[in-house]
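Trainee: Just one file: entry-v2.txt, with compact mmCIF, C-alpha atoms.
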# COMPACT_ATOMS: atom_id res chain seq x y z
CA MET E 1 3.83 0.31 1.47
CA LEU E 2 3.63 3.35 3.78
CA ASP E 3 5.11 5.53 1.05
CA GLU E 4 1.96 4.87 -1.04
CA LEU E 5 -0.28 6.56 1.55
CA THR E 6 -1.33 10.14 2.05
CA ASN E 7 -0.15 11.72 5.30
CA GLU E 8 -3.70 11.64 6.63
CA SER E 9 -3.97 7.89 6.09
CA LYS E 10 -0.50 7.32 7.56
CA PHE E 11 -1.63 9.17 10.67
CA LEU E 12 -4.85 7.17 10.97
CA LEU E 13 -3.00 3.89 10.45
CA ALA E 14 -0.38 4.80 13.06
CA SER E 15 -3.16 5.79 15.49
CA LEU E 16 -4.97 2.47 14.98
CA TYR E 17 -1.71 0.55 15.35
CA LYS E 18 -0.91 2.40 18.58
CA GLU E 19 -4.31 1.36 19.91
CA TYR E 20 -3.70 -2.23 18.78
CA LEU E 21 -0.33 -2.31 20.61
CA GLN E 22 -1.89 -0.90 23.76
CA ARG E 23 -4.64 -3.51 23.65
CA ARG E 24 -2.08 -6.30 23.23
CA LYS E 25 -0.04 -4.89 26.12
CA ASP E 26 -3.25 -4.94 28.20
CA GLY E 27 -3.69 -8.66 27.47
CA VAL E 28 -6.36 -8.47 24.77
CA ASP E 29 -6.09 -11.39 22.35
CA ARG E 30 -4.89 -10.63 18.85
CA PRO E 31 -8.20 -11.06 16.97
CA LYS E 32 -10.01 -8.71 19.38
CA ALA E 33 -7.14 -6.22 19.48
CA ARG E 34 -7.26 -5.86 15.68
CA LYS E 35 -10.98 -5.06 15.60
CA PHE E 36 -12.33 -1.56 15.71
CA LYS E 37 -15.94 -0.54 15.72
CA LYS E 38 -17.74 1.55 13.15
CA GLU E 39 -16.06 4.46 11.42
CA PHE E 40 -18.14 6.81 13.60
CA ASP E 41 -16.59 5.25 16.70
CA ILE E 42 -13.10 5.61 15.22
CA HIS E 43 -13.90 9.25 14.58
CA ASP E 44 -15.27 9.85 18.09
CA GLU E 45 -12.68 7.83 20.03
CA ILE E 46 -9.47 8.17 18.01
CA MET E 47 -9.76 10.88 15.34
CA SER E 48 -12.17 13.40 16.88
CA GLU E 49 -10.28 16.40 15.51
CA TRP E 50 -11.00 15.25 11.94
CA SER E 51 -14.23 15.59 10.02
CA GLN E 52 -16.25 12.41 9.65
CA SER E 53 -15.80 12.48 5.87
CA ASP E 54 -11.99 12.66 6.25
CA VAL E 55 -12.04 9.60 8.51
CA HIS E 56 -14.21 7.77 5.97
CA ASP E 57 -11.89 8.73 3.11
CA SER E 58 -8.76 7.56 4.94
CA ILE E 59 -10.43 4.28 5.91
CA SER E 60 -11.31 3.80 2.23
CA GLU E 61 -7.72 4.47 1.18
CA LEU E 62 -6.33 2.02 3.74
CA SER E 63 -8.94 -0.59 2.84
CA ASN E 64 -8.17 -0.32 -0.88
CA LEU E 65 -4.52 -1.11 -0.14
CA GLY E 66 -5.42 -4.10 2.04
CA LEU E 67 -4.26 -2.48 5.28
CA LEU E 68 -7.75 -2.48 6.76
CA GLU E 69 -10.48 -5.07 6.40
CA THR E 70 -13.85 -3.34 6.25
CA SER E 71 -17.57 -4.03 5.98
CA SER E 72 -19.91 -1.38 4.67
CA GLY E 73 -23.44 -0.60 5.67
CA GLY E 74 -25.05 2.14 3.66
CA ASP E 75 -22.61 4.99 3.25
CA ALA E 76 -20.42 4.06 6.21
CA PHE E 77 -18.01 1.39 7.37
CA VAL E 78 -19.72 -0.64 10.08
CA SER E 79 -16.69 -2.80 10.83
CA VAL E 80 -13.01 -1.93 10.59
CA THR E 81 -10.20 -4.38 11.33
CA LEU E 82 -6.46 -3.84 11.15
CA SER E 83 -5.24 -6.43 8.64
CA PRO E 84 -2.37 -8.85 9.31
CA LYS E 85 -0.66 -7.23 6.31
CA ALA E 86 -0.77 -3.84 8.06
CA ILE E 87 0.45 -5.28 11.33
CA ALA E 88 3.37 -7.02 9.61
CA GLN E 89 4.35 -3.82 7.80
CA LEU E 90 4.09 -1.76 11.00
CA GLU E 91 5.95 -4.37 13.09
CA PHE E 92 8.81 -4.14 10.61
CA THR E 93 8.73 -0.33 10.67
CA PHE E 94 8.26 0.26 14.41
CA LYS E 95 9.46 -2.98 16.04
CA ASP E 96 6.33 -3.01 18.26
CA ARG E 97 7.48 0.05 20.22
CA ILE E 98 4.65 2.38 21.13
CA ASN E 99 7.08 5.30 21.55
CA SER E 100 8.28 4.86 17.97
CA VAL E 101 4.68 4.85 16.74
CA LEU E 102 3.86 7.96 18.77
CA ASN E 103 6.92 9.81 17.43
CA TYR E 104 6.00 8.84 13.87
CA ALA E 105 2.38 9.90 14.35
CA ALA E 106 3.45 13.27 15.77
CA LYS E 107 5.80 13.83 12.83
CA ILE E 108 3.09 12.96 10.30
CA LYS E 109 0.51 15.05 12.15
CA ASN E 110 2.79 18.08 11.82
CA ALA E 111 2.90 17.49 8.06
CA ILE E 112 -0.90 17.69 7.79
CA PRO E 113 -1.79 21.36 7.40
CA PHE E 114 -5.38 21.20 8.68
CA VAL E 115 -4.73 19.22 11.89
Any chance you could put this one into structure tokens?
Mentor:
Amino acid sequence: MLDELTNESKFLLASLYKEYLQRRKDGVDRPKARKFKKEFDIHDEIMSEWSQSDVHDSISELSNLGLLETSSGGDAFVSVTLSPKAIAQLEFTFKDRINSVLNYAAKIKNAIPFV
């Protein structure tokens, strides 16, 4: 499934998954660990070096493939949740190792020319 994504969306997904793993490591229960706030919060807290419209576009791409569960409000996503499908795919790929996710994210980030 990851091969169907643009590099930007791979990077966002890896960044969200890294946050999910850290939350789980910190003892946050699974349903809460999967939930992220609004797209503006994801931009500000996780993807601040991107434009807001790029964050929105990548969230849309990931949502369309069922990797994120989203709720819209106006022109923005007001709720973003990492789907079980995404977690299963990423568990298989990274074996729940944060270092593997970080290495992957760094590699993908280097492939994105504007970041």
Trainee: Taking all atoms listed in the file into account, name the residue in E:Leu12, E:Glu19, E:Gly73, E:Thr6 that is nearest to His43 in chain E.
Mentor: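 Closest residue, counting all atoms listed in the file: E:Leu12.
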Trainee: Taking all atoms listed in the file into account, name the residue in E:Val55, E:Ala88, E:Leu68, E:Leu82 that is nearest to Asp41 in chain E.
Mentor: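 Smallest distance to Asp41 in chain E is found for E:Val55.
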Trainee: Show me, as an MDAnalysis selection string, the residues that have an atom within 12 Å of Ser72 in chain E when counting all atoms listed in the file, minus same-chain residues fewer than 2 positions from it.
Mentor: chainID E and resid 37:39 56 59:60 63 69:70 74:80
Trainee: Store the residues picked out above, limited to C-alpha atoms, as a tab-separated table (two decimals), in the frame of the given file.
Mentor:
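Result file again25.tsv:
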chain	number	residue	atom	x	y	z
E	37	LYS	CA	-15.94	-0.54	15.72
E	38	LYS	CA	-17.74	1.55	13.15
E	39	GLU	CA	-16.06	4.46	11.42
E	56	HIS	CA	-14.21	7.77	5.97
E	59	ILE	CA	-10.43	4.28	5.91
E	60	SER	CA	-11.31	3.80	2.23
E	63	SER	CA	-8.94	-0.59	2.84
E	69	GLU	CA	-10.48	-5.07	6.40
E	70	THR	CA	-13.85	-3.34	6.25
E	74	GLY	CA	-25.05	2.14	3.66
E	75	ASP	CA	-22.61	4.99	3.25
E	76	ALA	CA	-20.42	4.06	6.21
E	77	PHE	CA	-18.01	1.39	7.37
E	78	VAL	CA	-19.72	-0.64	10.08
E	79	SER	CA	-16.69	-2.80	10.83
E	80	VAL	CA	-13.01	-1.93	10.59
Trainee: Expressed in Å to a single decimal, how great is the separation between CA of Asp54 in chain E and CA of Lys85 in chain E?
Mentor: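 Value for the CA of Asp54 in chain E-CA of Lys85 in chain E distance: 22.9 Å.
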Trainee: Between E:Gln52, E:Ser71, E:Asn64, E:Thr93, which is the closest to Glu4 in chain E once you count only C-alpha atoms?
Mentor: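 For Glu4 in chain E, the nearest of the candidates is E:Asn64.
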Trainee: Counting only C-alpha atoms, what is within 10 Å of Arg23 in chain E, bar same-chain residues fewer than 5 positions away, as a PyMOL selection string?
Mentor: chain E and resi 17-18+28-30+32-34
Trainee: Name the closest residue to Thr81 in chain E among the candidates E:Leu16, E:Phe94, E:Asp3, E:Lys25; distances are taken between atoms, counting only C-alpha atoms.
Mentor: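 Looking only at the distances to Thr81 in chain E, the closest residue turns out to be E:Leu16.
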Trainee: Measuring between all atoms listed in the file, which one of E:Lys35, E:Ser9, E:Ser48, E:Ala14 shows the shortest distance to Ser83 in chain E?
Mentor: E:Lys35
Trainee: Find the axis-aligned box for range 11-25 of chain E, covering all its listed atoms and adding 8 Å on each side, and write its centre and edge lengths in Å to one decimal as AutoDock Vina command-line options.
Mentor:
--center_x -2.5 --center_y 1.4 --center_z 18.3 --size_x 20.9 --size_y 31.5 --size_z 31.7
